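S.K.: File data.pdb below, PDB, N, CA and C atoms:
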```
ATOM      1  N   MET L   1     -25.003  -2.508 -10.962
ATOM      2  CA  MET L   1     -24.665  -2.611  -9.564
ATOM      3  C   MET L   1     -25.732  -1.883  -8.756
ATOM      4  N   ASP L   2     -26.143  -2.498  -7.706
ATOM      5  CA  ASP L   2     -27.157  -1.920  -6.833
ATOM      6  C   ASP L   2     -26.488  -0.959  -5.857
ATOM      7  N   THR L   3     -26.764   0.312  -6.002
ATOM      8  CA  THR L   3     -26.159   1.318  -5.128
ATOM      9  C   THR L   3     -27.148   1.837  -4.092
ATOM     10  N   SER L   4     -28.246   1.137  -3.915
ATOM     11  CA  SER L   4     -29.213   1.590  -2.916
ATOM     12  C   SER L   4     -28.612   1.434  -1.523
ATOM     13  N   GLY L   5     -28.807   2.419  -0.709
ATOM     14  CA  GLY L   5     -28.279   2.401   0.647
ATOM     15  C   GLY L   5     -26.903   3.011   0.774
ATOM     16  N   ILE L   6     -26.267   3.368  -0.352
ATOM     17  CA  ILE L   6     -24.939   3.985  -0.317
ATOM     18  C   ILE L   6     -25.113   5.486  -0.507
ATOM     19  N   HIS L   7     -24.466   6.252   0.341
ATOM     20  CA  HIS L   7     -24.585   7.709   0.304
ATOM     21  C   HIS L   7     -23.823   8.265  -0.895
ATOM     22  N   PRO L   8     -24.503   8.969  -1.816
ATOM     23  CA  PRO L   8     -23.786   9.580  -2.944
ATOM     24  C   PRO L   8     -23.162  10.905  -2.514
ATOM     25  N   TYR L   9     -21.975  11.171  -3.001
ATOM     26  CA  TYR L   9     -21.283  12.423  -2.731
ATOM     27  C   TYR L   9     -21.285  13.247  -4.007
ATOM     28  N   ARG L  10     -21.328  14.536  -3.864
ATOM     29  CA  ARG L  10     -21.368  15.413  -5.025
ATOM     30  C   ARG L  10     -19.994  16.044  -5.204
ATOM     31  N   ILE L  11     -19.380  15.747  -6.349
ATOM     32  CA  ILE L  11     -18.062  16.280  -6.674
ATOM     33  C   ILE L  11     -18.128  16.825  -8.094
ATOM     34  N   ASN L  12     -17.795  18.088  -8.268
ATOM     35  CA  ASN L  12     -17.850  18.753  -9.576
ATOM     36  C   ASN L  12     -19.207  18.589 -10.245
ATOM     37  N   LYS L  13     -20.255  18.816  -9.511
ATOM     38  CA  LYS L  13     -21.639  18.776  -9.985
ATOM     39  C   LYS L  13     -22.100  17.387 -10.416
ATOM     40  N   ASP L  14     -21.337  16.359 -10.109
ATOM     41  CA  ASP L  14     -21.726  14.987 -10.422
ATOM     42  C   ASP L  14     -21.804  14.189  -9.132
ATOM     43  N   TYR L  15     -22.671  13.203  -9.130
ATOM     44  CA  TYR L  15     -22.785  12.322  -7.975
ATOM     45  C   TYR L  15     -21.839  11.142  -8.152
ATOM     46  N   VAL L  16     -21.076  10.845  -7.110
ATOM     47  CA  VAL L  16     -20.128   9.731  -7.140
ATOM     48  C   VAL L  16     -20.325   8.880  -5.889
ATOM     49  N   PHE L  17     -19.887   7.632  -5.978
ATOM     50  CA  PHE L  17     -19.892   6.722  -4.841
ATOM     51  C   PHE L  17     -18.449   6.349  -4.552
ATOM     52  N   PHE L  18     -18.063   6.371  -3.290
ATOM     53  CA  PHE L  18     -16.723   5.945  -2.925
ATOM     54  C   PHE L  18     -16.651   4.432  -2.985
ATOM     55  N   ILE L  19     -15.573   3.915  -3.524
ATOM     56  CA  ILE L  19     -15.388   2.471  -3.625
ATOM     57  C   ILE L  19     -14.857   1.930  -2.312
ATOM     58  N   ASN L  20     -13.814   2.558  -1.791
ATOM     59  CA  ASN L  20     -13.173   2.078  -0.567
ATOM     60  C   ASN L  20     -13.776   2.746   0.660
ATOM     61  N   GLN L  21     -13.648   2.049   1.767
ATOM     62  CA  GLN L  21     -14.152   2.550   3.047
ATOM     63  C   GLN L  21     -13.414   3.822   3.415
ATOM     64  N   ARG L  22     -14.120   4.769   3.980
ATOM     65  CA  ARG L  22     -13.506   6.026   4.387
ATOM     66  C   ARG L  22     -12.611   5.771   5.593
ATOM     67  N   ARG L  23     -11.428   6.317   5.591
ATOM     68  CA  ARG L  23     -10.452   6.092   6.655
ATOM     69  C   ARG L  23     -10.431   7.279   7.608
ATOM     70  N   GLU L  24      -9.938   7.032   8.795
ATOM     71  CA  GLU L  24      -9.826   8.097   9.791
ATOM     72  C   GLU L  24      -8.778   9.126   9.386
ATOM     73  N   SER L  25      -7.865   8.757   8.502
ATOM     74  CA  SER L  25      -6.809   9.679   8.100
ATOM     75  C   SER L  25      -7.302  10.722   7.102
ATOM     76  N   ASP L  26      -8.590  10.726   6.789
ATOM     77  CA  ASP L  26      -9.141  11.695   5.851
ATOM     78  C   ASP L  26      -9.499  13.014   6.536
ATOM     79  N   ASN L  27      -8.773  13.372   7.589
ATOM     80  CA  ASN L  27      -9.026  14.598   8.355
ATOM     81  C   ASN L  27     -10.489  14.670   8.788
ATOM     82  N   HIS L  28     -10.883  13.654   9.488
ATOM     83  CA  HIS L  28     -12.279  13.515   9.879
ATOM     84  C   HIS L  28     -12.382  13.505  11.390
ATOM     85  N   ARG L  29     -13.276  14.320  11.887
ATOM     86  CA  ARG L  29     -13.567  14.316  13.311
ATOM     87  C   ARG L  29     -14.990  13.832  13.500
ATOM     88  N   SER L  30     -15.151  12.815  14.292
ATOM     89  CA  SER L  30     -16.483  12.263  14.523
ATOM     90  C   SER L  30     -17.267  13.182  15.445
ATOM     91  N   ARG L  31     -18.502  13.435  15.071
ATOM     92  CA  ARG L  31     -19.371  14.267  15.888
ATOM     93  C   ARG L  31     -20.556  13.424  16.334
ATOM     94  N   ASN L  32     -20.981  13.636  17.537
ATOM     95  CA  ASN L  32     -22.081  12.849  18.083
ATOM     96  C   ASN L  32     -23.445  13.359  17.649
ATOM     97  N   ASN L  33     -23.540  14.607  17.207
ATOM     98  CA  ASN L  33     -24.842  15.169  16.886
ATOM     99  C   ASN L  33     -25.258  14.950  15.433
ATOM    100  N   VAL L  34     -24.521  14.166  14.667
ATOM    101  CA  VAL L  34     -24.878  13.881  13.278
ATOM    102  C   VAL L  34     -25.944  12.795  13.273
ATOM    103  N   PRO L  35     -27.069  13.035  12.588
ATOM    104  CA  PRO L  35     -28.168  12.058  12.655
ATOM    105  C   PRO L  35     -27.904  10.752  11.915
ATOM    106  N   HIS L  36     -27.078  10.772  10.868
ATOM    107  CA  HIS L  36     -26.855   9.562  10.080
ATOM    108  C   HIS L  36     -25.371   9.214  10.060
ATOM    109  N   LYS L  37     -25.071   7.947  10.351
ATOM    110  CA  LYS L  37     -23.703   7.448  10.303
ATOM    111  C   LYS L  37     -23.686   6.140   9.541
ATOM    112  N   CYS L  38     -22.529   5.809   8.982
ATOM    113  CA  CYS L  38     -22.359   4.543   8.275
ATOM    114  C   CYS L  38     -22.502   3.400   9.280
ATOM    115  N   LYS L  39     -23.190   2.337   8.878
ATOM    116  CA  LYS L  39     -23.416   1.210   9.786
ATOM    117  C   LYS L  39     -22.132   0.452  10.102
ATOM    118  N   VAL L  40     -21.154   0.491   9.207
ATOM    119  CA  VAL L  40     -19.941  -0.303   9.383
ATOM    120  C   VAL L  40     -18.838   0.498  10.059
ATOM    121  N   CYS L  41     -18.479   1.645   9.484
ATOM    122  CA  CYS L  41     -17.325   2.399   9.995
ATOM    123  C   CYS L  41     -17.726   3.638  10.795
ATOM    124  N   GLU L  42     -19.010   3.912  10.912
ATOM    125  CA  GLU L  42     -19.539   5.047  11.664
ATOM    126  C   GLU L  42     -19.038   6.394  11.149
ATOM    127  N   TRP L  43     -18.839   6.498   9.837
ATOM    128  CA  TRP L  43     -18.459   7.755   9.206
ATOM    129  C   TRP L  43     -19.687   8.656   9.174
ATOM    130  N   ASP L  44     -19.520   9.938   9.460
ATOM    131  CA  ASP L  44     -20.642  10.876   9.449
ATOM    132  C   ASP L  44     -21.134  11.072   8.021
ATOM    133  N   LEU L  45     -22.415  10.829   7.798
ATOM    134  CA  LEU L  45     -23.010  11.019   6.477
ATOM    135  C   LEU L  45     -23.741  12.353   6.479
ATOM    136  N   LYS L  46     -23.098  13.351   5.912
ATOM    137  CA  LYS L  46     -23.689  14.686   5.878
ATOM    138  C   LYS L  46     -24.744  14.733   4.781
ATOM    139  N   GLU L  47     -25.810  15.417   5.036
ATOM    140  CA  GLU L  47     -26.909  15.587   4.084
ATOM    141  C   GLU L  47     -27.430  14.245   3.585
ATOM    142  N   ALA L  48     -27.463  13.268   4.444
ATOM    143  CA  ALA L  48     -27.919  11.934   4.057
ATOM    144  C   ALA L  48     -29.411  11.791   4.314
ATOM    145  N   THR L  49     -30.021  10.939   3.522
ATOM    146  CA  THR L  49     -31.422  10.615   3.756
ATOM    147  C   THR L  49     -31.478   9.405   4.675
ATOM    148  N   SER L  50     -32.664   9.050   5.098
ATOM    149  CA  SER L  50     -32.791   7.918   6.014
ATOM    150  C   SER L  50     -32.485   6.592   5.326
ATOM    151  N   SER L  51     -32.500   6.572   3.986
ATOM    152  CA  SER L  51     -32.207   5.327   3.276
ATOM    153  C   SER L  51     -30.714   5.111   3.071
ATOM    154  N   ASP L  52     -29.887   6.141   3.307
ATOM    155  CA  ASP L  52     -28.437   6.000   3.159
ATOM    156  C   ASP L  52     -27.868   5.359   4.418
ATOM    157  N   LEU L  53     -27.347   4.146   4.275
ATOM    158  CA  LEU L  53     -26.828   3.418   5.427
ATOM    159  C   LEU L  53     -25.314   3.284   5.412
ATOM    160  N   PHE L  54     -24.685   3.420   4.242
ATOM    161  CA  PHE L  54     -23.255   3.153   4.099
ATOM    162  C   PHE L  54     -22.570   4.327   3.412
ATOM    163  N   CYS L  55     -21.279   4.501   3.721
ATOM    164  CA  CYS L  55     -20.520   5.594   3.118
ATOM    165  C   CYS L  55     -19.827   5.171   1.834
ATOM    166  N   SER L  56     -19.688   3.869   1.590
ATOM    167  CA  SER L  56     -18.964   3.404   0.410
ATOM    168  C   SER L  56     -19.465   2.027  -0.005
ATOM    169  N   ILE L  57     -19.018   1.606  -1.170
ATOM    170  CA  ILE L  57     -19.380   0.283  -1.677
ATOM    171  C   ILE L  57     -18.748  -0.801  -0.809
ATOM    172  N   GLU L  58     -17.514  -0.563  -0.354
ATOM    173  CA  GLU L  58     -16.840  -1.539   0.505
ATOM    174  C   GLU L  58     -17.611  -1.760   1.804
ATOM    175  N   CYS L  59     -18.139  -0.699   2.399
ATOM    176  CA  CYS L  59     -18.904  -0.850   3.645
ATOM    177  C   CYS L  59     -20.174  -1.659   3.412
ATOM    178  N   LYS L  60     -20.794  -1.468   2.258
ATOM    179  CA  LYS L  60     -22.003  -2.235   1.960
ATOM    180  C   LYS L  60     -21.672  -3.718   1.834
ATOM    181  N   PHE L  61     -20.558  -4.042   1.157
ATOM    182  CA  PHE L  61     -20.150  -5.437   1.030
ATOM    183  C   PHE L  61     -19.713  -6.021   2.365
ATOM    184  N   ARG L  62     -19.027  -5.221   3.180
ATOM    185  CA  ARG L  62     -18.622  -5.709   4.506
ATOM    186  C   ARG L  62     -19.841  -6.050   5.350
ATOM    187  N   ASN L  63     -20.882  -5.257   5.245
ATOM    188  CA  ASN L  63     -22.096  -5.523   5.998
ATOM    189  C   ASN L  63     -22.794  -6.777   5.468
ATOM    190  N   ALA L  64     -22.820  -6.954   4.151
ATOM    191  CA  ALA L  64     -23.515  -8.092   3.552
ATOM    192  C   ALA L  64     -22.779  -9.404   3.802
ATOM    193  N   LEU L  65     -21.451  -9.375   3.697
ATOM    194  CA  LEU L  65     -20.679 -10.606   3.841
ATOM    195  C   LEU L  65     -20.250 -10.872   5.273
ATOM    196  N   GLY L  66     -20.191  -9.843   6.082
ATOM    197  CA  GLY L  66     -19.799 -10.023   7.480
ATOM    198  C   GLY L  66     -18.357 -10.475   7.603
ATOM    199  N   SER L  67     -18.128 -11.503   8.381
ATOM    200  CA  SER L  67     -16.767 -11.980   8.634
ATOM    201  C   SER L  67     -16.203 -12.751   7.452
ATOM    202  N   GLN L  68     -17.025 -13.149   6.501
ATOM    203  CA  GLN L  68     -16.519 -13.878   5.336
ATOM    204  C   GLN L  68     -15.547 -13.018   4.541
ATOM    205  N   LEU L  69     -15.824 -11.727   4.419
ATOM    206  CA  LEU L  69     -14.953 -10.831   3.670
ATOM    207  C   LEU L  69     -13.596 -10.707   4.344
ATOM    208  N   ASP L  70     -13.570 -10.592   5.675
ATOM    209  CA  ASP L  70     -12.301 -10.498   6.391
ATOM    210  C   ASP L  70     -11.483 -11.770   6.209
ATOM    211  N   ASP L  71     -12.132 -12.938   6.246
ATOM    212  CA  ASP L  71     -11.422 -14.197   6.051
ATOM    213  C   ASP L  71     -10.839 -14.285   4.648
ATOM    214  N   LEU L  72     -11.587 -13.825   3.657
ATOM    215  CA  LEU L  72     -11.092 -13.865   2.286
ATOM    216  C   LEU L  72      -9.911 -12.930   2.092
ATOM    217  N   MET L  73      -9.949 -11.772   2.739
ATOM    218  CA  MET L  73      -8.864 -10.812   2.582
ATOM    219  C   MET L  73      -7.608 -11.261   3.323
ATOM    220  N   GLU L  74      -7.755 -11.916   4.468
ATOM    221  CA  GLU L  74      -6.600 -12.337   5.252
ATOM    222  C   GLU L  74      -6.004 -13.639   4.739
ATOM    223  N   ASN L  75      -6.832 -14.556   4.274
ATOM    224  CA  ASN L  75      -6.364 -15.860   3.824
ATOM    225  C   ASN L  75      -6.687 -16.072   2.353
ATOM    226  N   PRO L  76      -5.944 -15.422   1.463
ATOM    227  CA  PRO L  76      -6.223 -15.640   0.047
ATOM    228  C   PRO L  76      -5.831 -17.062  -0.349
ATOM    229  N   GLU L  77      -6.534 -17.588  -1.330
ATOM    230  CA  GLU L  77      -6.223 -18.934  -1.787
ATOM    231  C   GLU L  77      -4.883 -18.928  -2.503
ATOM    232  N   ASP L  78      -4.442 -20.102  -2.891
ATOM    233  CA  ASP L  78      -3.145 -20.234  -3.544
ATOM    234  C   ASP L  78      -3.202 -19.672  -4.960
ATOM    235  N   VAL L  79      -3.142 -18.379  -5.039
ATOM    236  CA  VAL L  79      -3.151 -17.710  -6.328
ATOM    237  C   VAL L  79      -1.752 -17.171  -6.561
ATOM    238  N   VAL L  80      -1.153 -17.611  -7.645
ATOM    239  CA  VAL L  80       0.191 -17.165  -7.971
ATOM    240  C   VAL L  80       0.076 -16.022  -8.964
ATOM    241  N   VAL L  81       0.603 -14.897  -8.578
ATOM    242  CA  VAL L  81       0.583 -13.736  -9.449
ATOM    243  C   VAL L  81       1.977 -13.578 -10.022
ATOM    244  N   GLU L  82       2.060 -13.730 -11.340
ATOM    245  CA  GLU L  82       3.361 -13.588 -11.986
ATOM    246  C   GLU L  82       3.598 -12.118 -12.298
ATOM    247  N   PRO L  83       4.812 -11.645 -12.051
ATOM    248  CA  PRO L  83       5.088 -10.240 -12.343
ATOM    249  C   PRO L  83       5.058  -9.987 -13.848
ATOM    250  N   VAL L  84       4.613  -8.815 -14.193
ATOM    251  CA  VAL L  84       4.550  -8.433 -15.595
ATOM    252  C   VAL L  84       5.933  -7.975 -16.015
ATOM    253  N   VAL L  85       6.450  -8.604 -17.052
ATOM    254  CA  VAL L  85       7.772  -8.254 -17.549
ATOM    255  C   VAL L  85       7.594  -7.202 -18.631
ATOM    256  N   LYS L  86       8.136  -6.041 -18.380
ATOM    257  CA  LYS L  86       8.030  -4.967 -19.354
ATOM    258  C   LYS L  86       9.208  -5.045 -20.312
ATOM    259  N   LYS L  87       8.908  -4.842 -21.561
ATOM    260  CA  LYS L  87       9.949  -4.855 -22.576
ATOM    261  C   LYS L  87      10.728  -3.547 -22.476
ATOM    262  N   LYS L  88      12.031  -3.671 -22.328
ATOM    263  CA  LYS L  88      12.853  -2.481 -22.197
ATOM    264  C   LYS L  88      13.183  -1.947 -23.584
ATOM    265  N   HIS L  89      12.902  -0.692 -23.768
ATOM    266  CA  HIS L  89      13.227  -0.040 -25.025
ATOM    267  C   HIS L  89      14.479   0.791 -24.821
ATOM    268  N   ARG L  90      15.336   0.750 -25.821
ATOM    269  CA  ARG L  90      16.523   1.566 -25.754
ATOM    270  C   ARG L  90      16.128   3.023 -25.894
ATOM    271  N   ARG L  91      16.759   3.846 -25.128
ATOM    272  CA  ARG L  91      16.451   5.265 -25.211
ATOM    273  C   ARG L  91      16.926   5.822 -26.534
ATOM    274  N   LYS L  92      16.276   6.882 -26.928
ATOM    275  CA  LYS L  92      16.665   7.543 -28.162
ATOM    276  C   LYS L  92      18.071   8.105 -27.989
ATOM    277  N   GLY L  93      18.857   7.960 -29.018
ATOM    278  CA  GLY L  93      20.240   8.431 -28.949
ATOM    279  C   GLY L  93      20.329   9.943 -28.997
ATOM    280  N   ILE L  94      21.531  10.429 -29.030
ATOM    281  CA  ILE L  94      21.772  11.863 -29.073
ATOM    282  C   ILE L  94      21.385  12.372 -30.458
ATOM    283  N   PRO L  95      20.589  13.412 -30.545
ATOM    284  CA  PRO L  95      20.215  13.915 -31.872
ATOM    285  C   PRO L  95      21.428  14.549 -32.556
ATOM    286  N   TYR L  96      21.544  14.292 -33.845
ATOM    287  CA  TYR L  96      22.666  14.814 -34.624
ATOM    288  C   TYR L  96      22.189  15.981 -35.468
ATOM    289  N   ARG L  97      23.059  16.946 -35.618
ATOM    290  CA  ARG L  97      22.744  18.077 -36.492
ATOM    291  C   ARG L  97      22.916  17.646 -37.932
ATOM    292  N   SER L  98      22.193  18.313 -38.787
ATOM    293  CA  SER L  98      22.362  18.007 -40.208
ATOM    294  C   SER L  98      23.740  18.499 -40.652
ATOM    295  N   PRO L  99      24.338  17.790 -41.586
ATOM    296  CA  PRO L  99      25.701  18.177 -42.006
ATOM    297  C   PRO L  99      25.689  19.498 -42.787
ATOM    298  N   PHE L 100      26.775  20.257 -42.642
ATOM    299  CA  PHE L 100      26.931  21.507 -43.398
ATOM    300  C   PHE L 100      27.588  21.177 -44.725
ATOM    301  N   TYR L 101      27.017  21.621 -45.815
ATOM    302  CA  TYR L 101      27.602  21.359 -47.148
ATOM    303  C   TYR L 101      28.184  22.598 -47.708
TER
END
```
Kindly present the structure from the file in structure tokens form.
M.R.:
Amino acid sequence: MDTSGIHPYRINKDYVFFINQRRESDNHRSRNNVPHKCKVCEWDLKEATSSDLFCSIECKFRNALGSQLDDLMENPEDVVVEPVVKKKHRRKGIPYRSPFY
């Protein structure tokens, strides 16, 4: 997968990429003095380089596909998803003590 242009975040000494777009409910306050912002959702990219354009993989795809992605998400084709039937197991019975002889 091409991750160029996506801002990597450092978590537990490892670099990670967010899959989903960052939401406003992530306790985020937008600041005007941040030099780099995501092109799609305008999330502040802290410590970003000039090549980082997106905050997540979803934002990169939204930018590449444009309105096609929104149409696909709103109008899914006739795909029937059958529910997964889980096999019910009987619970273990009451444990019995060994008989006294």
S.K.: Atom CA of Asn20 of chain L and atom CA of Ser50 of chain L are how many Å apart?
M.R.: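 The value is 21.5 Å.
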S.K.: How many Å lie between atom CA of Asn12 of chain L and atom CA of Lys39 of chain L, rounded to one decimal?
M.R.: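 Result for atom CA of Asn12 of chain L versus atom CA of Lys39 of chain L: 26.7 Å, one decimal.
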S.K.: So what do you get for atom CA of Ile57 of chain L versus atom CA of Asp44 of chain L, distance-wise?
M.R.: 15.4 Å
S.K.: Expand the PyMOL selection byres ((chain L and resi 18) around 6) into the individual residues it matches in the shown file, reporting them as an mmCIF file with N, CA and C atoms, in the coordinates of the input.
M.R.:
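Below you can see selection-v8.cif, which holds the result:
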```
data_model
loop_
_atom_site.group_PDB
_atom_site.id
_atom_site.type_symbol
_atom_site.label_atom_id
_atom_site.label_comp_id
_atom_site.auth_asym_id
_atom_site.auth_seq_id
_atom_site.Cartn_x
_atom_site.Cartn_y
_atom_site.Cartn_z
ATOM 1 N N VAL L 16 -21.076 10.845 -7.110
ATOM 2 C CA VAL L 16 -20.128 9.731 -7.140
ATOM 3 C C VAL L 16 -20.325 8.880 -5.889
ATOM 4 N N PHE L 17 -19.887 7.632 -5.978
ATOM 5 C CA PHE L 17 -19.892 6.722 -4.841
ATOM 6 C C PHE L 17 -18.449 6.349 -4.552
ATOM 7 N N ILE L 19 -15.573 3.915 -3.524
ATOM 8 C CA ILE L 19 -15.388 2.471 -3.625
ATOM 9 C C ILE L 19 -14.857 1.930 -2.312
ATOM 10 N N ASN L 20 -13.814 2.558 -1.791
ATOM 11 C CA ASN L 20 -13.173 2.078 -0.567
ATOM 12 C C ASN L 20 -13.776 2.746 0.660
ATOM 13 N N CYS L 55 -21.279 4.501 3.721
ATOM 14 C CA CYS L 55 -20.520 5.594 3.118
ATOM 15 C C CYS L 55 -19.827 5.171 1.834
ATOM 16 N N SER L 56 -19.688 3.869 1.590
ATOM 17 C CA SER L 56 -18.964 3.404 0.410
ATOM 18 C C SER L 56 -19.465 2.027 -0.005
ATOM 19 N N ILE L 57 -19.018 1.606 -1.170
ATOM 20 C CA ILE L 57 -19.380 0.283 -1.677
ATOM 21 C C ILE L 57 -18.748 -0.801 -0.809
ATOM 22 N N GLU L 58 -17.514 -0.563 -0.354
ATOM 23 C CA GLU L 58 -16.840 -1.539 0.505
ATOM 24 C C GLU L 58 -17.611 -1.760 1.804
#
```
S.K.: Would you compute an axis-aligned box for segment 33-45 of chain L, covering every atom listed for it in the file with 6 Å of margin on each side, and report centre and edge lengths in Å to one decimal as lines of an AutoDock Vina configuration file?
M.R.:
```
center_x = -22.7
center_y = 7.4
center_z = 11.8
size_x = 22.8
size_y = 27.5
size_z = 22.7
```
S.K.: Among the residues of segment 34-66 of chain L, find those DSSP assigns to helix (DSSP H, G or I) from the backbone and print them as a ChimeraX atom specification.
M.R.: /L:57-65
S.K.: So what does the PyMOL selection byres ((chain L and resi 8) around 8) actually pick up in this one, as a PDB file with N, CA and C atoms, in the coordinates of the input?
M.R.:
```pdb
ATOM      1  N   THR L   3     -26.764   0.312  -6.002  1.00  0.00           N
ATOM      2  CA  THR L   3     -26.159   1.318  -5.128  1.00  0.00           C
ATOM      3  C   THR L   3     -27.148   1.837  -4.092  1.00  0.00           C
ATOM      4  N   GLY L   5     -28.807   2.419  -0.709  1.00  0.00           N
ATOM      5  CA  GLY L   5     -28.279   2.401   0.647  1.00  0.00           C
ATOM      6  C   GLY L   5     -26.903   3.011   0.774  1.00  0.00           C
ATOM      7  N   ILE L   6     -26.267   3.368  -0.352  1.00  0.00           N
ATOM      8  CA  ILE L   6     -24.939   3.985  -0.317  1.00  0.00           C
ATOM      9  C   ILE L   6     -25.113   5.486  -0.507  1.00  0.00           C
ATOM     10  N   HIS L   7     -24.466   6.252   0.341  1.00  0.00           N
ATOM     11  CA  HIS L   7     -24.585   7.709   0.304  1.00  0.00           C
ATOM     12  C   HIS L   7     -23.823   8.265  -0.895  1.00  0.00           C
ATOM     13  N   TYR L   9     -21.975  11.171  -3.001  1.00  0.00           N
ATOM     14  CA  TYR L   9     -21.283  12.423  -2.731  1.00  0.00           C
ATOM     15  C   TYR L   9     -21.285  13.247  -4.007  1.00  0.00           C
ATOM     16  N   ARG L  10     -21.328  14.536  -3.864  1.00  0.00           N
ATOM     17  CA  ARG L  10     -21.368  15.413  -5.025  1.00  0.00           C
ATOM     18  C   ARG L  10     -19.994  16.044  -5.204  1.00  0.00           C
ATOM     19  N   ILE L  11     -19.380  15.747  -6.349  1.00  0.00           N
ATOM     20  CA  ILE L  11     -18.062  16.280  -6.674  1.00  0.00           C
ATOM     21  C   ILE L  11     -18.128  16.825  -8.094  1.00  0.00           C
ATOM     22  N   ASP L  14     -21.337  16.359 -10.109  1.00  0.00           N
ATOM     23  CA  ASP L  14     -21.726  14.987 -10.422  1.00  0.00           C
ATOM     24  C   ASP L  14     -21.804  14.189  -9.132  1.00  0.00           C
ATOM     25  N   TYR L  15     -22.671  13.203  -9.130  1.00  0.00           N
ATOM     26  CA  TYR L  15     -22.785  12.322  -7.975  1.00  0.00           C
ATOM     27  C   TYR L  15     -21.839  11.142  -8.152  1.00  0.00           C
ATOM     28  N   VAL L  16     -21.076  10.845  -7.110  1.00  0.00           N
ATOM     29  CA  VAL L  16     -20.128   9.731  -7.140  1.00  0.00           C
ATOM     30  C   VAL L  16     -20.325   8.880  -5.889  1.00  0.00           C
ATOM     31  N   PHE L  17     -19.887   7.632  -5.978  1.00  0.00           N
ATOM     32  CA  PHE L  17     -19.892   6.722  -4.841  1.00  0.00           C
ATOM     33  C   PHE L  17     -18.449   6.349  -4.552  1.00  0.00           C
ATOM     34  N   PHE L  18     -18.063   6.371  -3.290  1.00  0.00           N
ATOM     35  CA  PHE L  18     -16.723   5.945  -2.925  1.00  0.00           C
ATOM     36  C   PHE L  18     -16.651   4.432  -2.985  1.00  0.00           C
ATOM     37  N   ALA L  48     -27.463  13.268   4.444  1.00  0.00           N
ATOM     38  CA  ALA L  48     -27.919  11.934   4.057  1.00  0.00           C
ATOM     39  C   ALA L  48     -29.411  11.791   4.314  1.00  0.00           C
ATOM     40  N   THR L  49     -30.021  10.939   3.522  1.00  0.00           N
ATOM     41  CA  THR L  49     -31.422  10.615   3.756  1.00  0.00           C
ATOM     42  C   THR L  49     -31.478   9.405   4.675  1.00  0.00           C
ATOM     43  N   ASP L  52     -29.887   6.141   3.307  1.00  0.00           N
ATOM     44  CA  ASP L  52     -28.437   6.000   3.159  1.00  0.00           C
ATOM     45  C   ASP L  52     -27.868   5.359   4.418  1.00  0.00           C
ATOM     46  N   PHE L  54     -24.685   3.420   4.242  1.00  0.00           N
ATOM     47  CA  PHE L  54     -23.255   3.153   4.099  1.00  0.00           C
ATOM     48  C   PHE L  54     -22.570   4.327   3.412  1.00  0.00           C
ATOM     49  N   CYS L  55     -21.279   4.501   3.721  1.00  0.00           N
ATOM     50  CA  CYS L  55     -20.520   5.594   3.118  1.00  0.00           C
ATOM     51  C   CYS L  55     -19.827   5.171   1.834  1.00  0.00           C
ATOM     52  N   SER L  56     -19.688   3.869   1.590  1.00  0.00           N
ATOM     53  CA  SER L  56     -18.964   3.404   0.410  1.00  0.00           C
ATOM     54  C   SER L  56     -19.465   2.027  -0.005  1.00  0.00           C
TER      55      SER L  56
END
```
